[in-house]
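What follows is the content of data.cif, which has mmCIF, C-alpha atoms:
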data_protein
#
loop_
_atom_site.label_atom_id
_atom_site.label_comp_id
_atom_site.auth_asym_id
_atom_site.auth_seq_id
_atom_site.Cartn_x
_atom_site.Cartn_y
_atom_site.Cartn_z
CA MET A 1 12.64 59.78 -38.21
CA ASP A 2 10.44 62.32 -39.93
CA ARG A 3 9.83 61.65 -43.59
CA MET A 4 8.11 63.94 -46.06
CA THR A 5 5.29 62.92 -48.37
CA GLU A 6 6.06 62.94 -52.09
CA HIS A 7 3.94 66.09 -52.51
CA GLU A 8 5.82 67.92 -49.76
CA SER A 9 9.26 66.86 -51.01
CA LYS A 10 8.55 68.49 -54.39
CA LYS A 11 8.49 71.85 -52.62
CA LEU A 12 11.90 71.32 -51.09
CA ARG A 13 15.26 72.37 -52.51
CA THR A 14 17.46 69.67 -54.02
CA GLY A 15 21.19 69.49 -53.29
CA ARG A 16 24.33 68.01 -54.78
CA THR A 17 25.96 64.75 -53.79
CA THR A 18 29.52 64.40 -52.57
CA GLY A 19 30.19 62.73 -55.93
CA SER A 20 29.04 65.80 -57.83
CA CYS A 21 31.08 68.05 -55.51
CA ALA A 22 34.23 65.99 -56.08
CA THR A 23 33.58 65.97 -59.83
CA ALA A 24 33.19 69.75 -59.93
CA ALA A 25 36.43 70.22 -57.98
CA ALA A 26 38.29 67.79 -60.25
CA MET A 27 36.97 69.48 -63.40
CA ALA A 28 37.87 72.96 -62.17
CA GLY A 29 41.36 71.75 -61.25
CA THR A 30 41.82 70.28 -64.71
CA LEU A 31 40.74 73.54 -66.36
CA TYR A 32 43.14 75.48 -64.16
CA LEU A 33 46.14 73.29 -64.94
CA LEU A 34 45.47 73.27 -68.67
CA GLY A 35 44.80 76.94 -69.22
CA GLY A 36 45.05 78.88 -65.98
CA GLU A 37 41.28 79.21 -65.87
CA CYS A 38 39.58 79.69 -62.46
CA PRO A 39 35.89 79.18 -63.25
CA GLU A 40 33.32 80.32 -60.72
CA THR A 41 31.07 77.40 -61.68
CA VAL A 42 31.34 74.21 -63.71
CA ASP A 43 28.64 72.13 -65.36
CA VAL A 44 29.03 68.66 -63.91
CA PRO A 45 27.80 65.61 -65.90
CA LEU A 46 25.16 63.66 -63.98
CA PRO A 47 25.11 59.83 -64.04
CA PRO A 48 21.57 59.60 -65.48
CA GLY A 49 22.36 62.29 -68.07
CA GLY A 50 22.23 66.05 -68.13
CA THR A 51 24.34 68.46 -66.12
CA LEU A 52 24.34 70.30 -62.81
CA ARG A 53 25.95 73.71 -62.34
CA VAL A 54 28.15 73.65 -59.24
CA PRO A 55 29.87 76.72 -57.73
CA ILE A 56 33.61 76.57 -56.96
CA ALA A 57 34.65 77.95 -53.58
CA ARG A 58 38.42 78.41 -54.02
CA PHE A 59 41.66 77.41 -55.74
CA GLU A 60 44.99 76.84 -53.94
CA LYS A 61 48.29 76.06 -55.62
CA VAL A 62 50.04 73.03 -54.16
CA SER A 63 53.24 71.26 -55.03
CA GLY A 64 52.77 69.69 -58.45
CA GLY A 65 49.17 70.77 -58.91
CA VAL A 66 46.14 72.57 -57.50
CA ARG A 67 43.66 72.00 -54.69
CA VAL A 68 40.08 72.99 -55.53
CA THR A 69 37.32 73.23 -52.94
CA VAL A 70 33.56 72.86 -53.37
CA VAL A 71 31.18 73.28 -50.44
CA LYS A 72 28.69 70.44 -50.10
CA ASP A 73 25.09 71.62 -50.24
CA GLY A 74 22.54 68.98 -49.30
CA GLY A 75 19.60 71.21 -50.18
CA ASP A 76 16.68 70.66 -47.80
CA ASP A 77 17.99 67.21 -46.94
CA PRO A 78 21.14 68.21 -45.03
CA ASP A 79 23.17 65.16 -44.10
CA ALA A 80 26.38 64.84 -42.12
CA THR A 81 28.43 66.37 -44.96
CA HIS A 82 26.20 69.41 -45.52
CA GLY A 83 28.22 72.64 -45.46
CA HIS A 84 31.59 70.85 -45.42
CA ASP A 85 34.42 71.21 -47.92
CA ILE A 86 34.87 68.54 -50.59
CA GLN A 87 38.24 68.90 -52.28
CA ALA A 88 40.15 67.55 -55.25
CA VAL A 89 43.92 67.79 -55.52
CA VAL A 90 44.59 67.63 -59.26
CA SER A 91 47.93 67.07 -60.97
CA MET A 92 48.89 65.98 -64.45
CA SER A 93 51.78 64.66 -66.41
CA GLY A 94 52.47 64.27 -70.12
CA GLY A 95 54.74 62.25 -72.30
CA THR A 96 53.22 58.84 -71.59
CA SER A 97 52.28 56.65 -74.48
CA GLY A 98 48.77 55.52 -75.07
CA PRO A 99 45.45 57.27 -74.42
CA LEU A 100 44.84 59.72 -71.58
CA ARG A 101 44.66 58.07 -68.17
CA VAL A 102 42.58 59.44 -65.29
CA GLU A 103 43.66 58.13 -61.88
CA ILE A 104 41.32 58.64 -58.93
CA ASP A 105 42.04 57.99 -55.26
CA GLY A 106 40.96 59.17 -51.85
CA GLY A 107 43.16 61.06 -49.44
CA ALA A 108 42.62 62.62 -46.02
CA GLY A 109 39.06 62.39 -44.76
CA VAL A 110 37.95 59.79 -47.32
CA GLY A 111 37.43 56.36 -45.81
CA ARG A 112 38.78 53.05 -47.05
CA ALA A 113 36.97 49.74 -47.27
CA SER A 114 38.10 47.18 -44.73
CA LEU A 115 35.35 44.57 -45.17
CA PRO A 116 34.02 42.71 -48.21
CA GLY A 117 30.45 43.16 -49.35
CA LEU A 118 30.74 46.82 -50.26
CA PRO A 119 30.58 48.06 -53.86
CA ILE A 120 34.29 48.86 -53.59
CA PRO A 121 37.12 46.34 -53.03
CA VAL A 122 38.82 46.02 -49.65
CA GLY A 123 41.65 48.52 -49.36
CA GLN A 124 40.24 50.90 -51.94
CA ALA A 125 39.16 54.47 -51.17
CA ALA A 126 35.43 54.75 -50.43
CA ILE A 127 34.54 56.42 -53.71
CA ASN A 128 31.59 54.44 -54.97
CA PRO A 129 31.51 53.20 -58.58
CA GLU A 130 28.99 55.71 -59.92
CA PRO A 131 30.70 58.84 -58.57
CA ARG A 132 34.06 57.39 -59.63
CA LYS A 133 32.74 57.17 -63.20
CA GLN A 134 31.25 60.64 -62.82
CA ILE A 135 34.60 62.12 -61.76
CA GLU A 136 36.42 60.47 -64.66
CA GLN A 137 33.81 61.60 -67.17
CA GLY A 138 33.97 65.16 -65.86
CA VAL A 139 37.78 65.27 -65.95
CA ARG A 140 37.90 63.93 -69.52
CA GLN A 141 35.31 66.50 -70.52
CA ALA A 142 37.36 69.30 -68.94
CA ALA A 143 40.58 67.97 -70.50
CA LYS A 144 39.06 68.39 -73.97
CA GLY A 145 41.73 67.59 -76.56
CA MET A 146 44.33 66.18 -74.16
CA GLY A 147 44.78 62.80 -75.82
CA THR A 148 47.76 61.37 -73.92
CA GLY A 149 49.36 61.68 -70.53
CA SER A 150 47.69 61.27 -67.16
CA ILE A 151 45.55 63.30 -64.78
CA SER A 152 45.58 62.41 -61.11
CA VAL A 153 42.67 63.29 -58.82
CA LEU A 154 42.99 62.90 -55.06
CA VAL A 155 39.66 63.48 -53.32
CA GLU A 156 39.95 64.83 -49.79
CA VAL A 157 37.50 65.96 -47.10
CA PRO A 158 38.89 68.08 -44.25
CA ASN A 159 37.51 66.72 -40.97
CA GLY A 160 36.11 63.75 -42.84
CA HIS A 161 37.23 61.43 -40.05
CA ILE A 162 35.12 63.48 -37.63
CA ILE A 163 32.12 63.73 -39.95
CA ALA A 164 32.21 59.95 -40.39
CA ARG A 165 31.30 59.48 -36.72
CA LYS A 166 27.80 60.68 -37.59
CA THR A 167 27.42 58.00 -40.27
CA MET A 168 27.21 54.20 -40.37
CA ASN A 169 30.59 53.94 -42.11
CA ALA A 170 32.55 52.32 -39.30
CA ARG A 171 29.96 49.58 -38.89
CA LEU A 172 30.05 48.92 -42.63
CA GLY A 173 33.82 48.62 -42.50
CA ILE A 174 34.64 52.01 -44.03
CA LEU A 175 37.38 53.44 -41.85
CA GLY A 176 39.12 56.79 -41.64
CA GLY A 177 36.55 59.06 -43.20
CA ILE A 178 33.39 59.50 -45.22
CA SER A 179 32.27 57.90 -48.47
CA ILE A 180 31.96 59.73 -51.78
CA LEU A 181 28.47 58.81 -52.89
CA GLY A 182 25.70 59.59 -55.34
CA THR A 183 24.04 57.44 -57.98
CA GLN A 184 22.08 60.38 -59.40
CA GLY A 185 24.39 63.30 -58.67
CA ILE A 186 21.54 65.24 -57.09
CA VAL A 187 20.31 64.91 -53.51
CA LYS A 188 16.54 64.65 -53.38
CA PRO A 189 15.12 65.79 -50.03
CA TYR A 190 14.29 62.93 -47.67
CA SER A 191 14.97 60.36 -50.35
CA HIS A 192 13.51 56.93 -49.70
CA ALA A 193 15.79 55.51 -52.38
CA SER A 194 18.94 56.56 -50.51
CA TRP A 195 17.68 55.06 -47.24
CA LYS A 196 16.82 51.78 -48.96
CA ALA A 197 20.27 51.73 -50.54
CA THR A 198 21.82 52.08 -47.08
CA ILE A 199 19.77 49.13 -45.81
CA GLU A 200 20.83 47.02 -48.77
CA GLU A 201 24.47 47.93 -48.28
CA GLY A 202 24.28 46.89 -44.62
CA LEU A 203 22.77 43.56 -45.66
CA ASP A 204 25.51 43.06 -48.25
CA VAL A 205 28.24 43.64 -45.67
CA ALA A 206 26.57 41.29 -43.16
CA ARG A 207 26.28 38.58 -45.80
CA ALA A 208 29.87 39.01 -46.90
CA GLN A 209 30.89 38.39 -43.29
CA GLY A 210 29.13 35.03 -43.39
CA LEU A 211 26.04 36.13 -41.46
CA ASP A 212 22.72 34.60 -42.48
CA ALA A 213 20.69 36.17 -39.67
CA VAL A 214 20.17 39.90 -39.16
CA VAL A 215 18.35 42.20 -36.77
CA LEU A 216 16.32 44.91 -38.45
CA THR A 217 15.61 47.82 -36.13
CA THR A 218 13.38 50.84 -36.53
CA GLY A 219 16.00 53.24 -35.17
CA ARG A 220 18.94 53.77 -32.86
CA ARG A 221 17.00 53.26 -29.63
CA SER A 222 15.42 49.95 -30.65
CA GLU A 223 18.87 48.82 -31.78
CA ARG A 224 20.46 49.82 -28.47
CA LEU A 225 17.76 48.05 -26.47
CA TYR A 226 18.20 44.89 -28.53
CA LEU A 227 21.97 44.84 -28.08
CA GLU A 228 21.53 45.35 -24.34
CA ALA A 229 19.13 42.40 -24.24
CA PHE A 230 21.34 40.24 -26.49
CA PRO A 231 24.94 41.37 -25.89
CA GLY A 232 26.41 38.53 -27.94
CA VAL A 233 24.90 39.74 -31.22
CA PRO A 234 27.51 41.37 -33.49
CA GLU A 235 26.81 44.98 -34.40
CA LEU A 236 27.25 44.11 -38.08
CA ALA A 237 24.08 42.02 -37.82
CA CYS A 238 22.04 45.07 -36.76
CA ILE A 239 20.65 47.23 -39.57
CA GLN A 240 18.44 50.27 -39.08
CA ALA A 241 15.55 49.66 -41.45
CA ALA A 242 13.37 52.52 -40.18
CA ASP A 243 9.86 52.31 -41.69
CA PHE A 244 10.77 50.15 -44.70
CA PHE A 245 9.04 46.91 -43.72
CA GLU A 246 8.35 45.30 -47.08
CA SER A 247 11.46 46.43 -48.97
CA SER A 248 13.75 45.38 -46.10
CA MET A 249 12.22 41.91 -45.96
CA ARG A 250 12.59 41.51 -49.72
CA ALA A 251 16.17 42.74 -49.63
CA ALA A 252 17.07 40.36 -46.79
CA ALA A 253 15.52 37.42 -48.63
CA ASP A 254 17.23 38.34 -51.89
CA ARG A 255 20.58 38.14 -50.09
CA GLY A 256 19.92 34.71 -48.68
CA MET A 257 19.23 35.67 -45.07
CA ALA A 258 17.74 32.68 -43.32
CA ARG A 259 16.38 34.62 -40.35
CA VAL A 260 15.29 38.20 -39.74
CA THR A 261 14.55 39.56 -36.28
CA TRP A 262 12.67 42.83 -35.94
CA SER A 263 13.44 45.00 -32.90
CA LEU A 264 10.75 47.64 -32.52
CA PHE A 265 8.22 49.37 -30.31
CA PHE A 266 4.54 48.61 -29.85
CA GLY A 267 3.23 51.12 -32.40
CA LYS A 268 5.42 49.78 -35.21
CA LEU A 269 4.39 46.23 -34.36
CA VAL A 270 0.73 47.20 -34.73
CA LYS A 271 1.41 48.73 -38.15
CA GLN A 272 3.33 45.67 -39.29
CA ALA A 273 0.45 43.48 -38.09
CA GLN A 274 -1.85 45.67 -40.21
CA GLY A 275 0.21 44.63 -43.23
CA LEU A 276 1.59 48.09 -44.03
CA ALA A 277 4.58 47.97 -46.37
CA TYR A 278 5.79 51.33 -45.01
CA THR A 279 5.05 52.34 -41.44
CA HIS A 280 5.77 56.05 -41.01
CA ALA A 281 3.38 57.86 -38.68
CA LYS A 282 2.69 60.78 -40.98
CA THR A 283 1.47 58.83 -43.98
CA HIS A 284 0.53 55.40 -42.59
CA PRO A 285 -1.42 55.69 -39.33
CA ILE A 286 -2.54 53.02 -36.91
CA ASP A 287 -5.98 51.57 -37.62
CA PHE A 288 -7.52 51.90 -34.18
CA ASP A 289 -10.69 50.05 -35.24
CA ARG A 290 -8.63 46.97 -36.05
CA LEU A 291 -6.50 47.40 -32.94
CA ALA A 292 -9.63 47.61 -30.78
CA GLY A 293 -10.86 44.37 -32.33
CA TRP A 294 -7.56 42.64 -31.63
CA CYS A 295 -7.63 43.92 -28.04
CA SER A 296 -11.14 42.53 -27.65
CA GLU A 297 -10.04 39.15 -28.98
CA ALA A 298 -7.18 39.16 -26.46
CA GLY A 299 -9.67 39.64 -23.63
CA CYS A 300 -9.76 43.40 -23.12
CA ALA A 301 -12.70 44.55 -21.00
CA HIS A 302 -15.62 45.92 -22.99
CA GLU A 303 -15.53 49.26 -21.18
CA HIS A 304 -12.02 49.93 -22.50
CA ILE A 305 -12.83 49.26 -26.16
CA GLN A 306 -14.37 52.69 -26.74
CA ASP A 307 -11.31 54.31 -25.16
CA ILE A 308 -9.11 52.37 -27.57
CA LEU A 309 -11.25 53.48 -30.51
CA ASN A 310 -10.84 57.09 -29.37
CA ALA A 311 -7.09 56.82 -28.77
CA ASN A 312 -4.64 59.03 -30.66
CA THR A 313 -1.47 57.02 -30.08
CA ALA A 314 -0.30 53.48 -29.49
CA ARG A 315 1.09 54.60 -26.14
CA GLN A 316 -2.44 55.47 -24.98
CA VAL A 317 -3.66 51.99 -25.89
CA LEU A 318 -0.77 50.30 -24.16
CA ALA A 319 -1.46 52.30 -20.98
CA LEU A 320 -5.08 51.09 -21.00
CA LEU A 321 -3.96 47.45 -20.95
CA GLU A 322 -3.02 47.26 -17.28
CA ASP A 323 -3.28 43.48 -17.00
CA ASP A 324 0.14 42.01 -17.88
CA ARG A 325 -1.39 38.75 -19.10
CA LEU A 326 -3.72 40.67 -21.43
CA ARG A 327 -0.78 42.66 -22.77
CA PHE A 328 1.20 39.52 -23.43
CA ARG A 329 -1.71 37.81 -25.23
CA LEU A 330 -2.18 40.89 -27.42
CA ILE A 331 1.54 41.18 -28.20
CA ALA A 332 1.70 37.47 -29.07
CA ALA A 333 -1.26 37.83 -31.43
CA LEU A 334 0.24 40.92 -33.07
CA ILE A 335 3.60 39.16 -33.50
CA ASP A 336 1.84 36.24 -35.14
CA ARG A 337 0.09 38.55 -37.61
CA ALA A 338 3.22 40.61 -38.30
CA THR A 339 5.30 37.46 -38.79
CA ARG A 340 2.94 36.19 -41.45
CA VAL A 341 3.06 39.54 -43.25
CA ALA A 342 6.88 39.65 -43.03
CA GLN A 343 7.19 36.13 -44.41
CA ALA A 344 4.82 37.00 -47.25
CA PHE A 345 6.93 40.06 -48.09
CA SER A 346 10.00 37.83 -48.22
CA GLY A 347 8.28 35.23 -50.37
CA ASP A 348 8.45 32.81 -47.42
CA ARG A 349 12.23 32.73 -47.76
CA CYS A 350 13.04 33.97 -44.23
CA ALA A 351 12.18 32.86 -40.73
CA VAL A 352 11.06 35.86 -38.69
CA ASP A 353 11.40 36.73 -34.99
CA TYR A 354 10.40 39.76 -32.95
CA ALA A 355 11.70 41.66 -29.93
CA VAL A 356 9.10 44.22 -28.86
CA PHE A 357 9.81 47.01 -26.39
CA ASP A 358 7.71 49.38 -24.33
CA PHE A 359 8.57 53.07 -24.42
CA ASP A 360 10.48 52.68 -21.13
CA GLY A 361 12.59 49.86 -22.59
CA THR A 362 10.65 46.96 -21.03
CA ARG A 363 10.38 43.81 -23.17
CA LEU A 364 6.74 43.25 -24.13
CA ASP A 365 7.13 39.96 -25.98
CA MET A 366 8.00 38.07 -22.79
CA PRO A 367 5.66 37.14 -19.92
CA THR A 368 6.39 39.12 -16.76
CA SER A 369 6.11 36.11 -14.49
#

As structure tokens, how would this structure be written, given the file I've shared?
Amino acid sequence: MDRMTEHESKKLRTGRTTGSCATAAAMAGTLYLLGGECPETVDVPLPPGGTLRVPIARFEKVSGGVRVTVVKDGGDDPDATHGHDIQAVVSMSGGTSGPLRVEIDGGAGVGRASLPGLPIPVGQAAINPEPRKQIEQGVRQAAKGMGTGSISVLVEVPNGHIIARKTMNARLGILGGISILGTQGIVKPYSHASWKATIEEGLDVARAQGLDAVVLTTGRRSERLYLEAFPGVPELACIQAADFFESSMRAAADRGMARVTWSLFFGKLVKQAQGLAYTHAKTHPIDFDRLAGWCSEAGCAHEHIQDILNANTARQVLALLEDDRLRFRLIAALIDRATRVAQAFSGDRCAVDYAVFDFDGTRLDMPTS
């Protein structure tokens, strides 16, 4: 997974979250019902403060209210929802006693929680707490002096059930559609914070299901290979942690995980053995000097050491180690180093295991004979 450096991400265009899109649609619907106004844009309140101007795509009268559509724009970090319609069906009623009530729910294309451990209760629409507050704040702002009565907002996403197939929702127990998300209201390109939040949410769900052991993988392929090797492991125990070595170990330990298994390829193992907290290729390369030293300690022939020093990729180094016993000794030494780093990152609160794969899917952490 290609990640941008902080310097590069500053050059990229930001986007708006599904939470901000739903808020804009709900605000525009409220303005329409109160005064017949069809604004081209609305200034949406952002959770940290400030506002974001969001364009409105269209208004459609429906029985008892109005359906307003906003098109999701992920900026230069287009996710599964980029370019799709986010809608709010808004209706209101008066005559009730007490202060104005704002009722928010999810309709077609918005998933519902079916497992504990999520930030939303089981059975509730997958509108996370921060965007839920954002929607209510925006609606109350648009309602201005409306002091009593109620405003109902039904968030819908056409084709949301199809879009959700491209997400981790089903594994997390969010069924029937996408989630309405966004703690900041703005999508920052290639955000590390959002990826870390996804890892933490996966850990929360696993823990809520009574699991105290998880498998952290560096991507879909390492996850698939692990599940093929260990078919009895529940999918809920597998969490794609990508390059976030240190933060994933801390998060697992903070949630009381007794054991963490890493499923990865040779290159990532080398980087973890180096002690790198974050292991992306673009910003955190392999130290081939150290790797050559470790290969020498494992018994690599002297004539190959210079080739290792001159290598450009981990795959080149692995190809040079033709002796299976040498490979296994090196992998065992790297696992030992990486395990100690992982345990240090967790504050020695987790036991750590490894499953290491070659690029063709062969297990490297097991002797061949």

Within 12 Å of file point (19.5, 52.0, -50.3), counting all atoms listed in the file, expressed as number ranges by chain: A: 181-183, 191-204, 239-242, 244, 247-248, 251

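Considering all atoms listed in the file, the residue among A:Trp262, A:Phe288, A:Phe59, A:Phe345 positioned nearest to A:Leu216 is A:Trp262.
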
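Compared by their closest atoms to A:Ile86, and using all atoms listed in the file, the residues A:Glu156, A:Glu136, A:Glu246, A:Asp105 rank with A:Glu156 nearest.
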
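For the pair atom CA of A:Gly15 and atom CA of A:Asp85, the interatomic distance is 14.4 Å.
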
The PyMOL selection byres ((chain A and resi 350-366) around 10) applied to the shown file, residues as an MDAnalysis selection string: chainID A and resid 212:217 221:222 224:226 229 249:250 252:254 256:269 315 318 324 327:332 334:336 338:349 367:369

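Restricting the calculation to all atoms listed in the file, the smallest distance between A:Lys144 and any of A:Gln306, A:Thr14, A:Thr23, A:Thr30 is found for A:Thr30.
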
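Among the candidates A:Val122, A:Ala277, A:Val70, A:Val317, the residue lying nearest to A:Ala208 is A:Val122 (atoms considered: all atoms listed in the file).
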
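Across A:Ala26, A:Val157, A:Ile180, A:Leu321, the tightest approach to A:Ala301 is made by A:Leu321 when counting only C-alpha atoms.
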
Pick from A:Leu309, A:Ala24, A:Leu320, A:Ala281, whichever lies nearest to A:Thr51 using only C-alpha atoms: A:Ala24

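Between atom CA of A:Gly117 and atom CA of A:Met168 lies a distance of 14.6 Å.
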